[in-house]
file work_37.csv (CSV, C-alpha atoms)
chain,number,residue,atom,x,y,z
A,10,MET,CA,0.0,0.0,0.0
A,11,CYS,CA,1.5,3.3,-1.1
A,12,ILE,CA,1.2,6.2,1.5
A,13,ARG,CA,2.2,9.8,1.0
A,14,VAL,CA,2.3,12.1,4.0
A,15,PHE,CA,2.0,15.8,3.3
A,16,ARG,CA,1.3,19.1,5.1
A,17,SER,CA,-1.1,21.7,3.6
A,18,LEU,CA,-2.9,24.8,4.7
A,19,LEU,CA,-6.6,24.6,4.3
A,20,LEU,CA,-7.7,27.8,2.7
A,21,ALA,CA,-10.9,26.9,1.0
A,22,ALA,CA,-13.9,28.2,2.9
A,23,GLY,CA,-15.8,25.0,2.5
A,24,MET,CA,-13.1,23.1,4.4
A,25,LEU,CA,-12.7,25.4,7.4
A,26,PHE,CA,-13.1,23.9,10.9
A,27,LEU,CA,-13.9,25.5,14.2
A,28,SER,CA,-15.8,28.5,12.7
A,29,THR,CA,-13.7,30.5,10.2
A,30,ALA,CA,-10.3,29.7,11.6
A,31,SER,CA,-7.9,27.8,9.2
A,32,PHE,CA,-5.0,25.6,10.4
A,33,ALA,CA,-2.3,23.3,9.1
A,34,GLN,CA,-3.5,19.8,8.6
A,35,VAL,CA,-1.3,16.7,8.4
A,36,GLY,CA,-2.9,14.2,6.0
A,37,VAL,CA,-2.2,10.7,4.8
A,38,SER,CA,-2.8,9.9,1.2
A,39,ILE,CA,-3.5,6.2,0.7
A,40,THR,CA,-3.7,4.6,-2.8
A,41,ILE,CA,-5.8,1.7,-1.8
A,42,ALA,CA,-9.5,2.4,-1.1
A,43,PRO,CA,-11.0,1.5,2.3
A,44,PRO,CA,-13.0,-1.7,2.6
A,45,GLU,CA,-16.8,-1.9,2.4
A,46,LEU,CA,-18.6,-0.7,5.5
A,47,ARG,CA,-19.2,-3.4,8.0
A,48,ALA,CA,-22.8,-4.5,8.7
A,49,TYR,CA,-23.6,-4.5,12.4
A,50,GLU,CA,-26.3,-4.3,15.0
A,51,GLN,CA,-26.8,-1.0,16.8
A,52,PRO,CA,-26.5,-1.3,20.6
A,53,ILE,CA,-29.4,0.1,22.6
A,54,CYS,CA,-29.2,3.8,23.4
A,55,PRO,CA,-27.8,4.0,27.0
A,56,ALA,CA,-29.8,7.1,28.1
A,57,ASP,CA,-31.9,10.0,26.9
A,58,GLY,CA,-29.9,12.7,25.2
A,59,TYR,CA,-27.4,10.4,23.4
A,60,ILE,CA,-26.9,10.7,19.6
A,61,TRP,CA,-25.7,7.8,17.4
A,62,THR,CA,-22.4,8.3,15.6
A,63,PRO,CA,-21.9,5.5,13.0
A,64,GLY,CA,-18.9,3.2,12.6
A,65,TYR,CA,-16.3,3.9,9.9
A,66,TRP,CA,-12.9,2.8,8.7
A,67,ALA,CA,-9.9,4.7,10.1
A,68,TYR,CA,-6.2,4.2,9.2
A,69,ALA,CA,-3.0,3.7,11.2
A,70,ASN,CA,0.0,1.4,11.3
A,71,ASP,CA,-0.2,0.7,7.5
A,72,ASP,CA,-3.7,-0.7,7.7
A,73,TYR,CA,-7.3,0.3,7.9
A,74,TYR,CA,-9.1,-0.5,11.2
A,75,TRP,CA,-12.8,-0.4,12.1
A,76,SER,CA,-13.9,2.2,14.6
A,77,PRO,CA,-17.3,0.9,15.8
A,78,GLY,CA,-20.3,3.2,16.1
A,79,LEU,CA,-20.9,5.0,19.4
A,80,TRP,CA,-23.7,6.6,21.3
A,81,VAL,CA,-22.4,10.1,22.3
A,82,MET,CA,-23.8,13.1,24.2
A,83,ALA,CA,-23.8,16.1,21.9
A,84,PRO,CA,-21.4,18.8,23.1
A,85,GLU,CA,-24.1,21.4,22.9
A,86,VAL,CA,-27.9,21.5,22.7
A,87,GLY,CA,-29.0,21.5,19.1
A,88,PHE,CA,-25.8,20.0,17.7
A,89,LEU,CA,-25.9,17.1,15.3
A,90,TRP,CA,-23.1,14.9,14.0
A,91,THR,CA,-21.7,15.0,10.5
A,92,PRO,CA,-19.8,11.7,10.0
A,93,GLY,CA,-16.3,11.8,8.6
A,94,TYR,CA,-15.6,10.1,5.2
A,95,TRP,CA,-12.8,9.1,2.8
A,96,GLY,CA,-12.6,11.1,-0.4
A,97,TRP,CA,-10.4,10.7,-3.5
A,98,ARG,CA,-8.2,13.7,-4.5
A,99,ASP,CA,-4.7,14.3,-5.7
A,100,ASN,CA,-4.3,10.6,-6.6
A,101,GLY,CA,-5.0,9.3,-3.2
A,102,TYR,CA,-7.7,8.8,-0.5
A,103,PHE,CA,-7.9,11.3,2.3
A,104,PHE,CA,-10.0,11.2,5.4
A,105,ASN,CA,-12.3,14.2,6.1
A,106,GLU,CA,-12.9,14.4,9.9
A,107,GLY,CA,-16.4,14.4,11.3
A,108,TYR,CA,-17.7,17.3,13.4
A,109,TRP,CA,-20.6,18.5,15.5
A,110,GLY,CA,-22.7,21.5,14.3
A,111,THR,CA,-26.2,22.9,14.2
A,112,SER,CA,-26.9,21.1,10.9
A,113,VAL,CA,-25.5,18.1,9.1
A,114,GLY,CA,-22.9,18.8,6.5
A,115,PHE,CA,-21.5,16.8,3.6
A,116,TYR,CA,-20.2,13.3,4.4
A,117,GLY,CA,-19.5,12.0,0.9
A,118,GLY,CA,-22.9,10.5,0.1
A,119,ILE,CA,-21.9,7.5,2.2
A,120,ASN,CA,-24.7,5.3,3.4
A,121,TYR,CA,-23.7,4.6,7.0
A,122,GLY,CA,-27.1,3.5,8.0
A,123,PHE,CA,-29.1,4.2,11.2
A,124,GLY,CA,-30.4,7.5,9.7
A,125,TYR,CA,-27.2,8.5,7.9
A,126,PHE,CA,-28.1,7.5,4.4
A,127,GLY,CA,-25.9,9.8,2.5
A,128,ARG,CA,-27.7,13.1,3.0
A,129,GLY,CA,-28.6,14.7,6.3
A,130,TYR,CA,-29.8,12.7,9.3
A,131,GLU,CA,-33.1,10.9,9.6
A,132,GLY,CA,-32.5,9.3,13.0
A,133,GLY,CA,-33.7,12.1,15.2
A,134,ARG,CA,-34.2,15.9,15.6
A,135,TRP,CA,-34.0,18.6,18.2
A,136,GLU,CA,-37.2,20.2,19.5
A,137,GLY,CA,-37.5,22.7,22.4
A,138,GLY,CA,-34.0,21.9,23.7
A,139,HIS,CA,-34.6,18.1,23.7
A,140,PHE,CA,-33.5,15.4,21.3
A,141,PHE,CA,-36.3,13.3,19.8
A,142,TYR,CA,-35.5,9.8,18.5
A,143,ASN,CA,-36.9,8.2,15.4
A,144,THR,CA,-37.7,4.7,16.8
A,145,SER,CA,-37.8,3.2,13.3
A,146,LEU,CA,-34.0,3.8,13.0
A,147,ASN,CA,-32.8,3.7,16.6
A,148,ARG,CA,-32.8,1.1,19.3
A,149,VAL,CA,-34.3,3.0,22.3
A,150,SER,CA,-36.2,1.4,25.1
A,151,GLY,CA,-37.2,2.0,28.7
A,152,ALA,CA,-39.3,4.5,30.6
A,153,GLY,CA,-36.6,7.1,30.4
A,154,PHE,CA,-37.3,7.8,26.7
A,155,HIS,CA,-40.2,10.1,26.3
A,156,ASN,CA,-39.1,12.1,23.3
A,157,VAL,CA,-39.7,9.6,20.4
A,158,TYR,CA,-41.5,9.4,17.1
A,159,ASN,CA,-41.7,6.8,14.3
A,160,THR,CA,-41.1,7.8,10.7
A,161,ARG,CA,-40.3,5.2,8.1
A,162,VAL,CA,-37.6,6.2,5.7
A,163,ASN,CA,-37.2,4.7,2.2
A,164,VAL,CA,-33.6,4.2,1.4
A,165,SER,CA,-32.8,4.0,-2.3
A,166,SER,CA,-29.5,2.2,-2.0
A,167,SER,CA,-28.1,-0.4,0.4
A,168,SER,CA,-24.5,0.1,-0.9
A,169,ARG,CA,-21.7,-0.3,1.7
A,170,VAL,CA,-19.2,1.7,-0.3
A,171,SER,CA,-17.1,3.6,2.2
A,172,TYR,CA,-15.5,6.4,0.1
A,173,ASN,CA,-16.4,9.2,-2.2
A,174,GLY,CA,-14.8,9.6,-5.7
A,175,GLY,CA,-12.2,7.5,-7.3
A,176,ARG,CA,-12.8,4.1,-8.8
A,177,GLY,CA,-16.0,2.6,-7.4
A,178,GLY,CA,-16.7,5.4,-4.9
A,179,THR,CA,-19.9,7.4,-4.5
A,180,SER,CA,-20.4,10.4,-6.9
A,181,ALA,CA,-22.2,12.7,-4.5
A,182,ARG,CA,-21.2,16.3,-4.3
A,183,ALA,CA,-21.9,18.8,-1.5
A,184,THR,CA,-25.1,20.9,-1.8
A,185,ALA,CA,-25.2,24.6,-0.9
A,186,GLY,CA,-26.7,23.7,2.4
A,187,GLU,CA,-24.1,21.1,3.2
A,188,GLN,CA,-21.4,23.6,2.3
A,189,ALA,CA,-23.0,26.2,4.6
A,190,ALA,CA,-22.9,23.6,7.4
A,191,GLY,CA,-19.2,23.1,6.9
A,192,GLN,CA,-18.6,26.8,7.0
A,193,GLY,CA,-20.7,27.5,10.1
A,194,ARG,CA,-19.6,27.2,13.7
A,195,HIS,CA,-18.8,23.6,14.6
A,196,VAL,CA,-16.5,21.5,16.8
A,197,GLY,CA,-14.6,18.3,16.3
A,198,PRO,CA,-15.1,14.9,18.0
A,199,VAL,CA,-15.6,15.0,21.8
A,200,ALA,CA,-13.3,13.2,24.2
A,201,ALA,CA,-15.4,10.0,24.4
A,202,GLN,CA,-15.2,9.7,20.6
A,203,ASN,CA,-11.4,10.2,20.6
A,204,GLU,CA,-10.9,7.6,23.3
A,205,HIS,CA,-13.2,5.2,21.4
A,206,VAL,CA,-11.2,5.5,18.2
A,207,SER,CA,-7.9,5.0,20.2
A,208,ALA,CA,-9.3,1.8,21.7
A,209,ALA,CA,-10.2,0.5,18.3
A,210,ARG,CA,-6.8,1.4,16.9
A,211,ASN,CA,-5.2,-0.7,19.6
A,212,ASP,CA,-7.5,-3.7,19.0
A,213,PRO,CA,-6.0,-6.2,16.6
A,214,ASN,CA,-9.4,-7.7,15.9
A,215,GLN,CA,-10.6,-4.4,14.3
A,216,ARG,CA,-7.8,-4.3,11.7
A,217,SER,CA,-8.8,-4.9,8.1
A,218,SER,CA,-6.1,-7.5,7.7
A,219,ALA,CA,-7.6,-9.5,10.5
A,220,SER,CA,-10.8,-10.0,8.6
A,221,HIS,CA,-9.4,-9.3,5.1
A,222,GLY,CA,-11.7,-6.2,5.0
A,223,ALA,CA,-14.8,-8.4,5.0
A,224,ALA,CA,-18.1,-7.0,6.3
A,225,THR,CA,-19.3,-8.7,9.4
A,226,VAL,CA,-22.8,-10.1,9.2
A,227,GLY,CA,-25.1,-10.1,12.2
A,228,GLY,CA,-23.2,-7.6,14.4
A,229,THR,CA,-19.8,-6.6,15.5
A,230,ALA,CA,-18.0,-6.6,18.8
A,231,ARG,CA,-19.5,-4.4,21.5
A,232,SER,CA,-19.6,-0.9,19.9
A,233,ASN,CA,-20.1,1.4,22.7
A,234,THR,CA,-18.6,2.0,26.1
A,235,ALA,CA,-20.9,1.1,29.0
A,236,VAL,CA,-22.5,4.1,30.6
A,237,HIS,CA,-24.5,2.2,33.2
A,238,PRO,CA,-24.1,-1.2,34.9
A,239,ARG,CA,-27.0,-2.6,32.9
A,240,ASP,CA,-25.0,-2.0,29.7
A,241,LEU,CA,-22.2,-4.2,30.9
A,242,PRO,CA,-21.8,-7.8,29.6
A,243,ALA,CA,-23.3,-10.4,31.9
A,244,ILE,CA,-21.0,-11.6,34.7
A,245,GLU,CA,-19.5,-14.9,33.7
A,246,HIS,CA,-19.7,-17.9,36.0
A,247,PRO,CA,-16.3,-19.6,35.9
A,248,ALA,CA,-16.2,-23.3,35.1
A,249,ALA,CA,-16.1,-25.7,38.0
A,250,PRO,CA,-12.5,-26.3,39.1
A,251,ASN,CA,-11.1,-29.8,38.6
A,252,THR,CA,-7.6,-30.0,40.2
A,253,GLY,CA,-8.0,-33.5,41.5
A,254,ASN,CA,-8.3,-32.3,45.1
A,255,ALA,CA,-12.1,-32.5,45.8
A,256,LYS,CA,-11.9,-30.5,49.0
A,257,ARG,CA,-9.9,-27.7,47.5
A,258,ASP,CA,-12.1,-27.6,44.4
A,259,GLN,CA,-15.2,-27.3,46.6
A,260,THR,CA,-13.7,-24.5,48.6
A,261,TYR,CA,-12.7,-22.6,45.5
A,262,GLN,CA,-16.1,-23.1,43.9
A,263,LYS,CA,-17.8,-21.5,47.0
A,264,GLN,CA,-15.4,-18.6,46.7
A,265,GLN,CA,-16.2,-18.1,43.0
A,266,ASN,CA,-20.0,-18.2,43.7
A,267,LYS,CA,-19.6,-15.7,46.6
A,268,LEU,CA,-17.6,-13.3,44.3
A,269,VAL,CA,-20.2,-13.5,41.5
A,270,THR,CA,-23.0,-12.8,44.0
A,271,THR,CA,-21.2,-9.8,45.5
A,272,GLN,CA,-20.4,-8.4,42.1
A,273,THR,CA,-24.0,-8.8,41.0
A,274,GLN,CA,-25.1,-6.9,44.1
A,275,ASP,CA,-22.5,-4.2,43.4
A,276,ARG,CA,-23.9,-3.6,40.0
A,277,ALA,CA,-27.5,-3.5,41.3
A,278,LYS,CA,-26.7,-1.0,43.9
A,279,LEU,CA,-24.9,1.3,41.5
A,280,GLN,CA,-27.7,0.9,38.9
A,281,GLN,CA,-30.3,1.9,41.5
A,282,ARG,CA,-28.3,4.9,42.6
A,283,GLN,CA,-27.9,6.1,39.0
A,284,GLU,CA,-31.6,5.6,38.2
A,285,GLN,CA,-32.5,7.7,41.2
A,286,GLU,CA,-30.3,10.5,39.8
A,287,HIS,CA,-32.0,10.1,36.5
A,288,GLN,CA,-35.4,10.6,38.2
A,289,GLN,CA,-34.1,13.6,40.0
A,290,LEU,CA,-33.0,15.1,36.7
A,291,THR,CA,-36.4,14.5,35.2
A,292,ARG,CA,-38.2,16.2,38.1
A,293,GLN,CA,-35.9,19.2,37.9
A,294,ASN,CA,-36.3,19.4,34.1
A,295,ALA,CA,-32.5,19.6,34.0
A,296,SER,CA,-30.6,21.2,31.1
A,297,GLN,CA,-28.8,19.2,28.5
A,298,ALA,CA,-25.5,20.3,29.9
A,299,LYS,CA,-26.4,19.2,33.4
A,300,THR,CA,-27.6,15.8,32.0
A,301,GLN,CA,-24.4,15.4,30.1
A,302,GLN,CA,-22.4,16.0,33.2
A,303,VAL,CA,-24.3,13.4,35.2
A,304,GLU,CA,-24.0,10.8,32.3
A,305,GLN,CA,-20.3,11.3,32.1
A,306,ARG,CA,-20.0,10.7,35.8
A,307,HIS,CA,-22.1,7.6,35.5
A,308,GLN,CA,-19.9,6.3,32.7
A,309,GLN,CA,-16.8,6.9,34.9
A,310,GLN,CA,-18.5,5.1,37.9
A,311,THR,CA,-19.4,2.1,35.7
A,312,GLN,CA,-16.0,1.8,34.2
A,313,GLN,CA,-14.4,1.9,37.7
A,314,LEU,CA,-16.7,-0.8,38.9
A,315,GLN,CA,-16.0,-3.0,35.9
A,316,GLN,CA,-12.2,-2.5,36.4
A,317,LYS,CA,-12.6,-3.4,40.1
A,318,HIS,CA,-14.5,-6.5,39.3
A,319,THR,CA,-12.0,-7.6,36.6
A,320,GLN,CA,-9.2,-7.2,39.1
A,321,GLN,CA,-11.1,-9.3,41.7
A,322,THR,CA,-11.7,-12.1,39.2
A,323,GLN,CA,-8.1,-12.1,38.1
A,324,HIS,CA,-7.0,-12.3,41.7
A,325,MET,CA,-9.3,-15.2,42.3
A,326,GLN,CA,-7.9,-17.0,39.2
A,327,GLN,CA,-4.4,-16.4,40.4
A,328,LYS,CA,-5.1,-17.9,43.8
A,329,ALA,CA,-6.7,-20.9,42.1
A,330,GLY,CA,-3.6,-21.4,40.0
A,331,GLY,CA,-1.4,-21.1,43.0
A,332,GLY,CA,-3.4,-23.6,44.9
A,333,GLY,CA,-4.6,-21.1,47.5
A,334,GLY,CA,-7.5,-22.3,49.5
A,335,GLY,CA,-8.1,-19.2,51.7
A,336,SER,CA,-11.3,-17.2,51.7
A,337,HIS,CA,-11.6,-14.3,49.3
A,338,GLY,CA,-13.1,-11.0,50.4
A,339,GLY,CA,-15.3,-10.7,47.4
A,340,GLY,CA,-16.4,-7.3,46.0
A,341,ARG,CA,-17.3,-5.5,49.3
A,342,LYS,CA,-16.8,-1.8,49.2

call {"tool": "encode", "arguments": {"input": "work_37.csv", "output": "structure tokens"}}
result
Amino acid sequence: MCIRVFRSLLLAAGMLFLSTASFAQVGVSITIAPPELRAYEQPICPADGYIWTPGYWAYANDDYYWSPGLWVMAPEVGFLWTPGYWGWRDNGYFFNEGYWGTSVGFYGGINYGFGYFGRGYEGGRWEGGHFFYNTSLNRVSGAGFHNVYNTRVNVSSSSRVSYNGGRGGTSARATAGEQAAGQGRHVGPVAAQNEHVSAARNDPNQRSSASHGAATVGGTARSNTAVHPRDLPAIEHPAAPNTGNAKRDQTYQKQQNKLVTTQTQDRAKLQQRQEQEHQQLTRQNASQAKTQQVEQRHQQQTQQLQQKHTQQTQHMQQKAGGGGGGSHGGGRK
């Protein structure tokens, strides 16, 4: 794969980022087009106020890698996501970064699905300071979602082409409205998106070479970071030990069961506490900014709990491997 690195100053008004400021951009020109978009199942929206940002192919370490879709809190009320896209120019494919703004701009005519069908966004809309979900295109459920509607959208093409221009790419060109969106005030990906892309870049399973660029049918690996304990994968019950020492195996099995019970209780307690905070936000008719603050804190709490439980499980396994038969303290706080 031939790669050319260059530095250029973006002067064209239609390519300006962060309002009207221009800046130097380091770009990578790749002569091989990105693979077809993967087919996958959208995870359930974690909470009211999150907006879906679709999965796409990114590039690093001489290979494309898949960055799965992610539910994200918009950085400002009224902001929508314009996905990034690969485009052909100057004898190579360049990536155009996605951004948040008050309207959806040009994203190459790429059909990313879930409301991003090449033009605009059909998955939801802002009304009165709240985001409303089109349930025909988004997986939302639970009593916390009151802002919903259902509008079917006829999609003319099911193409999974992931780039614009060049051989085999889409032929879409930006409309006047899409150009205006690109010239208006907007901001780049938020921290959660950058962290998500970084995790995908470091995951060997997401590399194109690992799957030969093939689209995955029936879903992909988990495509969003858990925000609440209910979003975490089920706690696995370890297989019954069989060391040949029946007494030690029985003791270890009891310790395993105790740890799983304690971890389940930990999750339930944190989930209950977070739901109470959700109810309080609803009663207060909290602003989008306040809701986002709380959700970010919930995500941090959930990740810390998951890390704690992972360490406990690993410690238990190490004790088993070392033949330890003592009692384990479980997941008590």

call {"tool": "residues_around", "arguments": {"input": "work_37.csv", "residues": "Arg210 in chain A", "least_positions_apart": "6", "cutoff": "10 Å", "atoms": "only C-alpha atoms", "output": "PyMOL selection string"}}
result
chain A and resi 67-70+72-76+204+216

call {"tool": "write_last_selection", "arguments": {"input": "work_37.csv", "atoms": "C-alpha atoms", "output": "tab-separated table (two decimals), keeping the file's coordinate frame"}}
result
chain	number	residue	atom	x	y	z
A	67	ALA	CA	-9.90	4.70	10.10
A	68	TYR	CA	-6.20	4.20	9.20
A	69	ALA	CA	-3.00	3.70	11.20
A	70	ASN	CA	0.00	1.40	11.30
A	72	ASP	CA	-3.70	-0.70	7.70
A	73	TYR	CA	-7.30	0.30	7.90
A	74	TYR	CA	-9.10	-0.50	11.20
A	75	TRP	CA	-12.80	-0.40	12.10
A	76	SER	CA	-13.90	2.20	14.60
A	204	GLU	CA	-10.90	7.60	23.30
A	216	ARG	CA	-7.80	-4.30	11.70

call {"tool": "closest_residue", "arguments": {"input": "work_37.csv", "among": "A:Ser150, A:Gln285, A:Thr40, A:Ser217", "to": "Pro52 in chain A", "atoms": "only C-alpha atoms"}}
result
A:Ser150

call {"tool": "closest_residue", "arguments": {"input": "work_37.csv", "among": "A:Thr319, A:Ser296, A:Asn251, A:Ser145", "to": "Leu268 in chain A", "atoms": "all atoms listed in the file"}}
result
A:Thr319

call {"tool": "closest_residue", "arguments": {"input": "work_37.csv", "among": "A:Tyr65, A:Phe115, A:Tyr108, A:Phe123", "to": "Gln51 in chain A", "atoms": "all atoms listed in the file"}}
result
A:Phe123

call {"tool": "residues_around", "arguments": {"input": "work_37.csv", "residues": "range 187-190 of chain A", "least_positions_apart": "4", "cutoff": "9 Å", "atoms": "only C-alpha atoms", "output": "ChimeraX atom specification"}}
result
/A:22-24,110-116,128-129,183,194-195

call {"tool": "write_last_selection", "arguments": {"input": "work_37.csv", "atoms": "C-alpha atoms", "output": "mmCIF file, in the coordinates of the input"}}
result
data_model
loop_
_atom_site.group_PDB
_atom_site.id
_atom_site.type_symbol
_atom_site.label_atom_id
_atom_site.label_comp_id
_atom_site.auth_asym_id
_atom_site.auth_seq_id
_atom_site.Cartn_x
_atom_site.Cartn_y
_atom_site.Cartn_z
ATOM 1 C CA ALA A 22 -13.900 28.200 2.900
ATOM 2 C CA GLY A 23 -15.800 25.000 2.500
ATOM 3 C CA MET A 24 -13.100 23.100 4.400
ATOM 4 C CA GLY A 110 -22.700 21.500 14.300
ATOM 5 C CA THR A 111 -26.200 22.900 14.200
ATOM 6 C CA SER A 112 -26.900 21.100 10.900
ATOM 7 C CA VAL A 113 -25.500 18.100 9.100
ATOM 8 C CA GLY A 114 -22.900 18.800 6.500
ATOM 9 C CA PHE A 115 -21.500 16.800 3.600
ATOM 10 C CA TYR A 116 -20.200 13.300 4.400
ATOM 11 C CA ARG A 128 -27.700 13.100 3.000
ATOM 12 C CA GLY A 129 -28.600 14.700 6.300
ATOM 13 C CA ALA A 183 -21.900 18.800 -1.500
ATOM 14 C CA ARG A 194 -19.600 27.200 13.700
ATOM 15 C CA HIS A 195 -18.800 23.600 14.600
#

call {"tool": "atom_distance", "arguments": {"input": "work_37.csv", "atom1": "CA of Pro238 in chain A", "atom2": "CA of Glu304 in chain A"}}
result
12.3 Å

call {"tool": "atom_distance", "arguments": {"input": "work_37.csv", "atom1": "CA of Trp90 in chain A", "atom2": "CA of Leu146 in chain A"}}
result
15.6 Å

call {"tool": "closest_residue", "arguments": {"input": "work_37.csv", "among": "A:Arg98, A:Lys263, A:His237, A:Lys317", "to": "Leu279 in chain A", "atoms": "all atoms listed in the file"}}
result
A:His237

call {"tool": "closest_residue", "arguments": {"input": "work_37.csv", "among": "A:Ala249, A:Cys54, A:Val149, A:Ile244", "to": "Tyr261 in chain A", "atoms": "all atoms listed in the file"}}
result
A:Ala249

call {"tool": "closest_residue", "arguments": {"input": "work_37.csv", "among": "A:Pro242, A:Gly101, A:Pro213, A:Gly191", "to": "Gly174 in chain A", "atoms": "all atoms listed in the file"}}
result
A:Gly101
